[in-house]
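Here is the file protein_7.cif (mmCIF, C-alpha atoms).
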```cif
data_protein
#
loop_
_atom_site.label_atom_id
_atom_site.label_comp_id
_atom_site.auth_asym_id
_atom_site.auth_seq_id
_atom_site.Cartn_x
_atom_site.Cartn_y
_atom_site.Cartn_z
CA MET O 110 10.81 -19.01 6.66
CA ASP O 111 14.17 -17.51 7.56
CA GLN O 112 13.96 -15.20 4.55
CA LEU O 113 10.52 -14.00 5.64
CA ILE O 114 11.75 -13.29 9.16
CA LYS O 115 14.78 -11.38 7.79
CA ASP O 116 12.54 -9.33 5.50
CA ASN O 117 10.25 -8.52 8.41
CA MET O 118 13.21 -7.44 10.55
CA LYS O 119 14.42 -5.10 7.78
CA LEU O 120 10.89 -3.68 7.53
CA GLU O 121 10.77 -3.18 11.29
CA GLU O 122 14.06 -1.29 11.23
CA ARG O 123 12.88 0.99 8.44
CA LEU O 124 9.57 1.64 10.19
CA ARG O 125 11.38 2.42 13.45
CA VAL O 126 13.42 5.12 11.70
CA GLY O 127 10.26 6.48 10.07
CA PHE O 128 8.38 6.64 13.39
CA PHE O 129 11.34 8.41 15.00
CA LEU O 130 11.37 11.05 12.26
CA LEU O 131 7.61 11.52 12.57
CA GLY O 132 8.17 12.15 16.28
CA LYS O 133 10.84 14.73 15.50
CA THR O 134 8.48 16.43 13.05
CA ARG O 135 5.78 16.56 15.72
CA TYR O 136 8.30 18.17 18.06
CA SER O 137 8.93 20.98 15.55
CA LEU O 138 5.46 21.44 14.04
CA GLY O 139 3.29 20.48 16.99
CA THR O 140 1.56 17.27 18.06
CA HIS O 141 -1.59 17.83 16.01
CA ALA O 142 0.26 18.82 12.85
CA VAL O 143 1.22 15.23 12.09
CA SER O 144 -1.70 13.11 13.21
CA ALA O 145 -4.76 11.27 11.98
CA LEU O 146 -6.60 14.63 11.85
CA GLN O 147 -4.70 15.51 8.67
CA LEU O 148 -5.63 12.27 6.94
CA PRO O 149 -8.32 12.50 4.26
CA THR O 150 -11.88 11.74 5.33
CA GLU O 151 -14.62 10.03 3.38
CA ASP O 152 -15.84 13.41 2.07
CA CYS O 153 -13.04 13.75 -0.43
CA GLU O 154 -11.70 11.58 -3.20
CA VAL O 155 -8.02 10.71 -2.97
CA GLU O 156 -5.94 8.81 -5.49
CA HIS O 157 -3.14 6.51 -4.50
CA LEU O 158 0.42 7.24 -5.54
CA ALA O 159 1.87 3.86 -4.58
CA HIS O 160 0.48 0.59 -5.79
CA VAL O 161 1.60 -3.00 -6.32
CA ILE O 162 1.63 -5.20 -9.38
CA THR O 163 1.35 -8.94 -8.88
CA THR O 164 2.79 -11.31 -11.46
CA PRO O 165 2.42 -15.09 -11.42
CA ALA O 166 5.74 -16.93 -11.28
CA ILE O 167 6.87 -20.53 -11.11
CA LEU O 168 8.64 -21.82 -8.01
CA GLU O 169 12.18 -22.85 -8.93
CA GLY O 170 13.76 -26.13 -7.94
CA CYS O 171 10.51 -28.09 -7.99
CA ALA O 172 9.57 -30.76 -10.49
CA GLY O 173 5.92 -29.73 -10.54
CA ASP O 174 4.36 -26.50 -11.76
CA ILE O 175 4.04 -24.64 -8.47
CA THR O 176 2.96 -21.09 -9.09
CA TYR O 177 2.99 -18.19 -6.70
CA HIS O 178 2.75 -14.41 -7.18
CA THR O 179 5.59 -11.91 -7.15
CA VAL O 180 4.67 -8.49 -5.87
CA GLU O 181 6.36 -5.30 -7.01
CA ALA O 182 5.75 -1.82 -5.65
CA LYS O 183 5.41 1.10 -8.05
CA PHE O 184 5.30 4.80 -7.30
CA GLU O 185 3.69 7.54 -9.37
CA ASP O 186 4.84 11.12 -9.75
CA PRO O 187 2.71 13.24 -7.40
CA VAL O 188 2.93 16.26 -9.71
CA VAL O 189 0.80 15.89 -12.81
CA GLN O 190 -0.39 18.20 -15.52
CA VAL O 191 -4.12 18.16 -16.07
CA ASN O 192 -6.17 19.78 -18.81
CA GLY O 193 -9.70 21.06 -19.23
CA GLU O 194 -12.36 19.65 -16.92
CA GLN O 195 -9.90 17.88 -14.67
CA SER O 196 -8.18 21.13 -13.76
CA GLU O 197 -11.24 22.43 -11.85
CA ALA O 198 -11.18 19.39 -9.60
CA GLY O 199 -7.43 19.79 -9.43
CA GLU O 200 -7.73 23.39 -8.27
CA GLU O 201 -10.19 22.32 -5.61
CA TYR O 202 -7.67 19.72 -4.44
CA ASN O 203 -4.86 22.27 -4.42
CA ASN O 204 -6.95 24.85 -2.60
CA ARG O 205 -8.16 22.35 -0.03
CA TYR O 206 -4.63 21.50 0.98
CA SER O 207 -3.13 24.99 0.95
CA ASP O 208 -3.03 27.42 3.83
CA ASP O 209 -5.12 30.15 2.21
CA GLY O 210 -6.23 31.12 -1.29
CA VAL O 211 -3.92 34.12 -1.62
CA SER O 212 -0.72 32.28 -0.83
CA GLN O 213 -1.67 29.50 -3.26
CA GLU O 214 -2.20 32.10 -6.01
CA GLY O 215 1.20 33.44 -5.18
CA LEU O 216 2.72 29.99 -5.62
CA ARG O 217 0.92 29.56 -8.93
CA LYS O 218 2.43 32.78 -10.12
CA ARG O 219 5.93 31.41 -9.56
CA LEU O 220 5.29 28.40 -11.80
CA PRO O 221 5.43 30.23 -15.17
CA HIS O 222 8.99 31.35 -14.43
CA ALA O 223 9.97 27.70 -13.92
CA THR O 224 8.15 26.42 -17.00
CA GLY O 225 9.10 29.36 -19.24
CA ASN O 226 5.61 30.23 -20.47
CA ASN O 227 5.84 33.79 -19.26
CA GLU O 228 3.57 36.04 -21.29
CA GLU O 229 0.23 34.28 -21.33
CA GLU O 230 0.30 33.00 -17.78
CA THR O 231 1.45 36.21 -16.13
CA GLU O 232 -1.41 38.07 -17.80
CA VAL O 233 -3.87 35.50 -16.57
CA CYS O 234 -2.47 35.57 -13.06
CA LYS O 235 -2.91 39.37 -12.98
CA CYS O 236 -6.59 38.83 -13.72
CA GLU O 237 -6.78 36.56 -10.71
CA TYR O 238 -5.57 39.30 -8.41
CA GLU O 239 -7.98 41.94 -9.77
CA ASP O 240 -11.34 40.63 -8.56
CA GLY O 241 -12.77 38.05 -6.19
CA GLU O 242 -13.63 34.39 -6.57
CA ASN O 243 -15.70 34.60 -9.77
CA LYS O 244 -12.83 36.17 -11.63
CA VAL O 245 -10.54 33.47 -10.33
CA GLN O 246 -12.82 30.79 -11.69
CA GLY O 247 -13.12 32.60 -15.01
CA SER O 248 -9.40 33.08 -15.30
CA SER O 249 -8.79 29.46 -14.38
CA LYS O 250 -10.95 28.45 -17.34
CA GLN O 251 -8.95 30.77 -19.57
CA LYS O 252 -5.79 29.25 -18.16
CA ASP O 253 -7.10 25.77 -18.98
CA LYS O 254 -7.51 26.61 -22.61
CA SER O 255 -4.09 28.15 -22.96
CA THR O 256 -1.86 26.04 -20.68
CA PRO O 257 -2.29 22.84 -18.65
CA ASN O 258 -2.76 23.18 -14.87
CA VAL O 259 -0.34 21.52 -12.51
CA LEU O 260 -1.78 19.31 -9.77
CA ASN O 261 0.36 18.30 -6.81
CA ARG O 262 -1.05 15.21 -5.12
CA ASP O 263 1.86 14.71 -2.74
CA PRO O 264 0.42 13.57 0.62
CA ILE O 265 3.14 15.49 2.45
CA ARG O 266 1.09 18.60 1.70
CA TRP O 267 -1.69 17.34 3.97
CA PHE O 268 0.57 18.02 6.94
CA SER O 269 2.44 21.16 5.98
CA ALA O 270 2.69 23.64 3.12
CA LEU O 271 6.44 23.86 3.75
CA PRO O 272 7.35 20.42 5.09
CA PRO O 273 10.48 20.23 7.24
CA SER O 274 13.37 18.00 6.27
CA THR O 275 12.45 15.43 8.96
CA LEU O 276 9.03 14.96 7.38
CA ARG O 277 10.54 14.59 3.90
CA GLN O 278 13.03 12.05 5.20
CA ALA O 279 10.22 10.18 6.99
CA GLN O 280 8.33 10.06 3.68
CA LYS O 281 11.39 8.56 1.96
CA ASP O 282 11.67 5.95 4.73
CA PHE O 283 8.03 4.97 4.45
CA LYS O 284 8.31 4.71 0.67
CA ALA O 285 11.26 2.37 1.18
CA ALA O 286 9.08 0.49 3.69
CA VAL O 287 6.41 0.07 0.98
CA SER O 288 9.03 -1.55 -1.29
CA LEU O 289 10.07 -3.83 1.57
CA VAL O 290 6.40 -4.71 2.14
CA ALA O 291 6.19 -5.86 -1.49
CA GLY O 292 9.29 -8.01 -0.94
CA CYS O 293 7.79 -9.51 2.25
CA ALA O 294 4.56 -10.25 0.39
CA THR O 295 6.48 -12.06 -2.37
CA THR O 296 8.38 -14.18 0.17
CA GLN O 297 5.17 -14.96 2.06
CA LEU O 298 3.34 -16.04 -1.09
CA LYS O 299 6.30 -18.22 -2.05
CA LEU O 300 6.21 -19.84 1.40
CA ARG O 301 2.46 -20.48 1.13
CA ALA O 302 2.88 -22.12 -2.28
CA ALA O 303 5.72 -24.31 -0.98
CA ASN O 304 3.66 -25.27 2.11
CA LYS O 305 0.69 -26.19 -0.02
CA GLU O 306 2.84 -28.44 -2.18
CA PHE O 307 4.46 -29.98 0.91
CA ARG O 308 1.04 -30.78 2.38
CA ARG O 309 -0.08 -32.39 -0.90
CA LEU O 310 3.05 -34.54 -1.10
CA HIS O 311 2.77 -35.41 2.58
CA GLU O 312 -0.78 -36.69 2.01
CA ILE O 313 0.39 -38.82 -0.92
CA LYS O 314 3.22 -40.21 1.22
CA SER O 315 0.91 -41.07 4.12
CA LYS O 316 -1.53 -42.80 1.71
CA LEU O 317 1.32 -44.85 0.26
CA ASP O 318 2.50 -45.74 3.77
CA ARG O 319 -1.02 -46.93 4.67
CA VAL O 320 -1.22 -49.05 1.54
CA GLU O 321 2.17 -50.61 2.33
CA LYS O 322 1.09 -51.47 5.88
CA GLU O 323 -2.10 -53.07 4.65
CA THR O 324 -0.22 -55.22 2.15
CA MET C 168 15.06 -32.12 -18.09
CA THR C 169 15.25 -28.84 -20.01
CA SER C 170 13.10 -30.17 -22.85
CA GLY C 171 10.50 -31.08 -20.25
CA VAL C 172 10.57 -27.54 -18.97
CA ASN C 173 10.22 -26.16 -22.51
CA ASN C 174 7.23 -28.39 -23.21
CA ARG C 175 5.67 -27.16 -20.02
CA ALA C 176 6.36 -23.59 -21.12
CA ASP C 177 4.56 -24.15 -24.44
CA GLU C 178 1.53 -25.53 -22.64
CA THR C 179 1.34 -22.43 -20.48
CA LYS C 180 1.23 -19.92 -23.37
CA PRO C 181 -2.42 -19.03 -22.76
CA THR C 182 -1.53 -18.72 -19.06
CA ARG C 183 1.24 -16.29 -20.03
CA GLU C 184 -1.22 -14.13 -21.90
CA ARG C 185 -3.40 -14.11 -18.81
CA MET C 186 -0.29 -13.33 -16.80
CA SER C 187 0.45 -10.21 -18.82
CA VAL C 188 -3.10 -8.94 -18.38
CA ALA C 189 -3.04 -9.63 -14.64
CA ALA C 190 0.40 -8.09 -14.26
CA ALA C 191 -0.71 -4.81 -15.76
CA GLN C 192 -3.44 -4.20 -13.13
CA ALA C 193 -2.27 -1.95 -10.34
CA LYS C 194 -3.57 -3.01 -6.95
CA LEU C 195 -3.70 -1.23 -3.64
CA ILE C 196 -2.17 -1.78 -0.24
CA ALA C 197 -4.65 -1.52 2.63
CA VAL C 198 -3.52 -0.74 6.15
CA ILE C 199 -5.16 -1.39 9.52
CA GLY C 200 -2.98 0.14 12.20
CA ASP C 201 -2.43 2.68 14.89
CA GLU C 202 -2.15 6.38 14.15
CA ASP C 203 1.59 6.41 13.46
CA THR C 204 1.43 3.38 11.16
CA CYS C 205 -1.45 4.80 9.11
CA VAL C 206 0.07 8.29 8.96
CA GLY C 207 3.40 6.86 7.88
CA PHE C 208 2.13 4.61 5.13
CA LEU C 209 -0.30 7.23 3.84
CA LEU C 210 2.62 9.64 3.73
CA GLY C 211 4.28 7.03 1.55
CA GLY C 212 1.38 7.36 -0.89
CA ILE C 213 -0.71 4.21 -0.47
CA GLY C 214 -3.87 6.01 0.69
CA GLU C 215 -6.96 6.11 -1.48
CA ILE C 216 -10.62 7.01 -1.10
CA ASN C 217 -12.49 5.81 -4.14
CA LYS C 218 -15.68 7.10 -5.74
CA LYS C 219 -17.76 4.96 -3.41
CA ARG C 220 -16.18 6.82 -0.46
CA GLU C 221 -14.37 3.66 0.62
CA PRO C 222 -10.96 4.26 2.19
CA ASN C 223 -8.24 1.63 2.07
CA PHE C 224 -7.08 2.34 5.61
CA LEU C 225 -8.41 2.15 9.16
CA VAL C 226 -6.88 4.06 12.06
CA VAL C 227 -7.26 1.99 15.20
CA ASP C 228 -7.23 3.78 18.54
CA LYS C 229 -8.37 2.88 22.05
CA ASN C 230 -12.00 3.62 21.11
CA THR C 231 -12.07 1.28 18.10
CA SER C 232 -14.02 -1.89 18.82
CA VAL C 233 -12.94 -5.39 17.76
CA GLN C 234 -16.08 -5.60 15.64
CA GLU C 235 -15.08 -2.52 13.64
CA ILE C 236 -11.63 -3.98 13.02
CA GLU C 237 -13.18 -7.29 11.93
CA GLU C 238 -15.63 -5.58 9.57
CA SER C 239 -12.93 -3.45 8.04
CA TYR C 240 -10.66 -6.48 7.58
CA LYS C 241 -13.45 -8.47 5.91
CA LYS C 242 -14.27 -5.53 3.60
CA PHE C 243 -10.64 -5.30 2.51
CA LEU C 244 -10.56 -9.05 1.87
CA LYS C 245 -13.61 -8.84 -0.38
CA ARG C 246 -12.32 -5.93 -2.46
CA ASP C 247 -10.83 -6.80 -5.86
CA ASP C 248 -8.51 -3.83 -5.97
CA ILE C 249 -6.52 -4.69 -2.80
CA ASP C 250 -3.65 -7.20 -2.99
CA ILE C 251 -1.88 -6.56 0.32
CA ILE C 252 -3.38 -5.92 3.76
CA LEU C 253 -0.98 -4.54 6.35
CA ILE C 254 -2.05 -4.96 9.94
CA ASN C 255 -0.18 -4.21 13.15
CA GLN C 256 0.63 -7.45 14.90
CA ASN C 257 -0.95 -6.37 18.20
CA ILE C 258 -4.19 -5.53 16.34
CA ALA C 259 -3.99 -8.81 14.42
CA GLU C 260 -4.01 -10.62 17.78
CA GLN C 261 -7.47 -9.19 18.44
CA ILE C 262 -8.90 -10.70 15.26
CA ARG C 263 -6.64 -13.77 15.09
CA HIS C 264 -9.64 -16.09 14.70
CA VAL C 265 -10.70 -14.23 11.53
CA ILE C 266 -7.20 -14.09 10.04
CA ASP C 267 -6.54 -17.79 10.64
CA SER C 268 -9.88 -18.88 9.23
CA ASP C 269 -9.15 -17.72 5.67
CA ASN C 270 -6.45 -20.07 4.33
CA ASP C 271 -7.58 -20.72 0.76
CA ASN C 272 -6.79 -17.57 -1.18
CA PRO C 273 -3.18 -16.41 -1.42
CA LEU C 274 -4.31 -12.89 -2.37
CA PRO C 275 -4.76 -10.49 -0.75
CA ALA C 276 -1.59 -11.22 1.21
CA VAL C 277 -1.99 -10.38 4.90
CA LEU C 278 1.22 -9.03 6.39
CA GLU C 279 1.58 -8.55 10.13
CA ILE C 280 3.84 -5.59 10.75
CA PRO C 281 5.26 -4.17 13.96
CA SER C 282 3.99 -0.96 15.45
CA LYS C 283 5.88 1.76 17.32
CA ASP C 284 5.11 0.20 20.70
CA HIS C 285 5.03 -3.50 19.79
CA PRO C 286 8.07 -5.04 18.06
CA TYR C 287 7.71 -7.88 15.56
CA ASP C 288 7.29 -11.34 17.10
CA PRO C 289 7.71 -14.19 14.57
CA THR C 290 6.11 -16.69 16.98
CA LYS C 291 2.79 -14.82 16.69
CA ASP C 292 2.80 -14.50 12.89
CA SER C 293 -0.03 -16.62 11.40
CA VAL C 294 1.87 -17.60 8.26
CA LEU C 295 5.01 -18.63 10.12
CA ARG C 296 3.06 -20.56 12.75
CA ARG C 297 1.22 -22.49 10.05
CA ALA C 298 4.49 -23.23 8.23
CA LYS C 299 6.26 -24.30 11.43
CA GLY C 300 3.38 -26.62 12.34
CA LEU C 301 3.77 -28.58 9.10
CA TYR C 302 7.18 -29.90 10.00
CA SER C 303 7.61 -32.53 12.67
CA ALA C 304 10.56 -34.79 13.62
CA ASP C 305 8.97 -37.79 11.85
CA ASP C 306 8.78 -35.93 8.54
CA MET C 307 12.53 -35.36 8.55
CA ARG C 308 13.34 -39.09 8.63
#
```

This structure in structure tokens:
Amino acid sequence: MDQLIKDNMKLEERLRVGFFLLGKTRYSLGTHAVSALQLPTEDCEVEHLAHVITTPAILEGCAGDITYHTVEAKFEDPVVQVNGEQSEAGEEYNNRYSDDGVSQEGLRKRLPHATGNNEEETEVCKCEYEDGENKVQGSSKQKDKSTPNVLNRDPIRWFSALPPSTLRQAQKDFKAAVSLVAGCATTQLKLRAANKEFRRLHEIKSKLDRVEKET
Amino acid sequence: MTSGVNNRADETKPTRERMSVAAAQAKLIAVIGDEDTCVGFLLGGIGEINKKREPNFLVVDKNTSVQEIEESYKKFLKRDDIDIILINQNIAEQIRHVIDSDNDNPLPAVLEIPSKDHPYDPTKDSVLRRAKGLYSADDMR
């Protein structure tokens, strides 16, 4: 029980820092920039980047086989490379969470310099600037065949295209909070398993006591 | 003593195979909380809206009814892909009767977390209250 309370206190401290940084971000970007309005609605499909894996474990120090579950948090890389059909959905996702189409194209143009695939991609990007939307779609298909598209699923992009350092730090704090949540869950499940065993043994003891009194 | 443990380990080999399958399945964290809590944890990457348009979060504000919170909580409990439900402690107080009624299944684990305006109170936590209630002075003799 003490361990669970300590874990919860650590979680509270981490959350407090995260909330404070969110407040600072609101001060710089505006109240509505970091709010529930930026959260995804039921119209779109969003994939998680943080999940937990539960593993059965045996409670130590007990004669019987008391099992509980350990919970471990895992984080995925928000930036993924997608090919072929997935890239169209990926472009929709990127475009939805960018400021405007032109600036996003501009960002895409910078990527080849980072990856080193200069010739093919710069030619394709020039096509994108020539005509309107149809050409963009056509060129994106050409791009799919030649090189994989990069999809950034980082939720920080829901709030700002250029997130300030306070928002990035808040994200780090909340990711740490997710790991602490997994730790709290493990401790809680351990406590539940121990309580269940205690109740079972207590019932056996009370039955034995009753039998002794009768005899 | 150790040989006993080893024998027990051999008996659980099929369980271990099941363990490895279960361990590989990634599960989600659901959150029922105020705006800051939901924004924060979704910023951390736990948010998902699946193909059935079901989100794993609920933003509770002053207009959210207790019934909505209850329904959302029950939906998260029923889902197979959620292993942890985070709920602000002050919101958990509103549906305490629902949280306390489900004692059988260890998963999904329901964690009561503090919010920005309401600090954590261990005396109100369901799990800790249940654990504290098990121990009395007679049991220690």

What would the list of residues within 6 Å of (-13.2, 0.5, 4.9) (file frame) look like as a PyMOL selection string, if only C-alpha atoms are what count? chain C and resi 221-223+239

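Residue selection for this entry, given the PyMOL selection byres ((chain O) within 7 of (chain C)), comprises Met110, Ile114, Glu121, Arg125, Phe128, Ser144, Ala145, Glu151, Glu154, Val155, Glu156, His157, Leu158, Ala159, His160, Val161, Ile162, Thr163, Thr164, Pro165, Pro264, Ile265, Gln280, Phe283, Lys284, Ala294, Leu298 and Asn304 of chain O.
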
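Taking atom CA of O:Thr176 and atom CA of O:Asn117 as the two end points, the separation is 22.7 Å.
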
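Our summary of the geometry notes that atom CA of C:Glu260 is positioned 8.1 Å from atom CA of C:Lys291.
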
Excluding O:Ser274 and residues on its chain fewer than 6 positions from it, collect all residues at most 12 Å away from it, counting only C-alpha atoms, and give them as JSON, numbers by chain. {"O": [130, 131, 133, 134, 137, 138, 265, 280, 281]}

Between atom CA of O:Gln147 and atom CA of C:Gln234, measure the distance and give it in Å to one decimal.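 Rounded to one decimal, the two atoms are 25.0 Å apart.
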
For stretch 294-307 of chain O, what centre and edge lengths in Å (one decimal) does the axis-aligned box get once 4 Å is added on each side of all its listed atoms, as lines of an AutoDock Vina configuration file?
```
center_x = 4.5
center_y = -20.1
center_z = -0.1
size_x = 15.7
size_y = 27.7
size_z = 12.5
```

Compare C:His285, C:Lys229, C:Lys241, C:Arg246 by their minimum atom-to-atom distance to C:Ile266, counting only C-alpha atoms, and give me the closest one.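 Nearest to C:Ile266: C:Lys241.
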
For stretch 242-266 of chain C, where the input has fewer atoms than it should, I would like N, CA and C atoms rebuilt and written as a compact mmCIF listing (two decimals), in the coordinates of the input.
```txt
# COMPACT_ATOMS: atom_id res chain seq x y z
N LYS C 242 -13.99 -6.38 4.79
CA LYS C 242 -14.27 -5.53 3.60
C LYS C 242 -13.03 -5.50 2.70
N PHE C 243 -11.86 -5.34 3.31
CA PHE C 243 -10.64 -5.30 2.51
C PHE C 243 -10.40 -6.63 1.80
N LEU C 244 -10.75 -7.73 2.48
CA LEU C 244 -10.56 -9.05 1.87
C LEU C 244 -11.43 -9.20 0.64
N LYS C 245 -12.65 -8.65 0.72
CA LYS C 245 -13.61 -8.84 -0.38
C LYS C 245 -13.26 -7.97 -1.59
N ARG C 246 -12.57 -6.86 -1.35
CA ARG C 246 -12.32 -5.93 -2.46
C ARG C 246 -11.35 -6.52 -3.48
N ASP C 247 -11.68 -6.27 -4.79
CA ASP C 247 -10.83 -6.80 -5.86
C ASP C 247 -9.58 -5.99 -6.09
N ASP C 248 -9.62 -4.73 -5.63
CA ASP C 248 -8.51 -3.83 -5.97
C ASP C 248 -7.42 -3.79 -4.89
N ILE C 249 -7.53 -4.67 -3.87
CA ILE C 249 -6.52 -4.69 -2.80
C ILE C 249 -5.78 -6.02 -2.86
N ASP C 250 -4.45 -5.97 -2.94
CA ASP C 250 -3.65 -7.20 -2.99
C ASP C 250 -2.83 -7.44 -1.73
N ILE C 251 -2.64 -6.39 -0.93
CA ILE C 251 -1.88 -6.56 0.32
C ILE C 251 -2.66 -5.86 1.43
N ILE C 252 -2.79 -6.54 2.57
CA ILE C 252 -3.38 -5.92 3.76
C ILE C 252 -2.30 -5.89 4.83
N LEU C 253 -1.95 -4.69 5.26
CA LEU C 253 -0.98 -4.54 6.35
C LEU C 253 -1.76 -4.36 7.63
N ILE C 254 -1.36 -5.09 8.65
CA ILE C 254 -2.05 -4.96 9.94
C ILE C 254 -1.02 -5.05 11.04
N ASN C 255 -1.10 -4.15 12.00
CA ASN C 255 -0.18 -4.21 13.15
C ASN C 255 -0.39 -5.54 13.86
N GLN C 256 0.72 -6.12 14.32
CA GLN C 256 0.63 -7.45 14.90
C GLN C 256 -0.24 -7.46 16.16
N ASN C 257 -0.14 -6.41 16.98
CA ASN C 257 -0.95 -6.37 18.20
C ASN C 257 -2.44 -6.27 17.88
N ILE C 258 -2.78 -5.61 16.76
CA ILE C 258 -4.19 -5.53 16.34
C ILE C 258 -4.61 -6.86 15.72
N ALA C 259 -3.69 -7.50 15.02
CA ALA C 259 -3.99 -8.81 14.42
C ALA C 259 -4.33 -9.84 15.50
N GLU C 260 -3.71 -9.70 16.66
CA GLU C 260 -4.01 -10.62 17.78
C GLU C 260 -5.48 -10.55 18.17
N GLN C 261 -6.07 -9.36 18.03
CA GLN C 261 -7.47 -9.19 18.44
C GLN C 261 -8.44 -9.90 17.48
N ILE C 262 -8.01 -10.03 16.23
CA ILE C 262 -8.90 -10.70 15.26
C ILE C 262 -8.22 -11.94 14.69
N ARG C 263 -7.42 -12.60 15.53
CA ARG C 263 -6.64 -13.77 15.09
C ARG C 263 -7.56 -14.86 14.52
N HIS C 264 -8.73 -15.03 15.14
CA HIS C 264 -9.64 -16.09 14.70
C HIS C 264 -10.13 -15.84 13.27
N VAL C 265 -10.24 -14.55 12.88
CA VAL C 265 -10.70 -14.23 11.53
C VAL C 265 -9.55 -14.42 10.54
N ILE C 266 -8.35 -13.99 10.93
CA ILE C 266 -7.20 -14.09 10.04
C ILE C 266 -6.87 -15.55 9.76
```
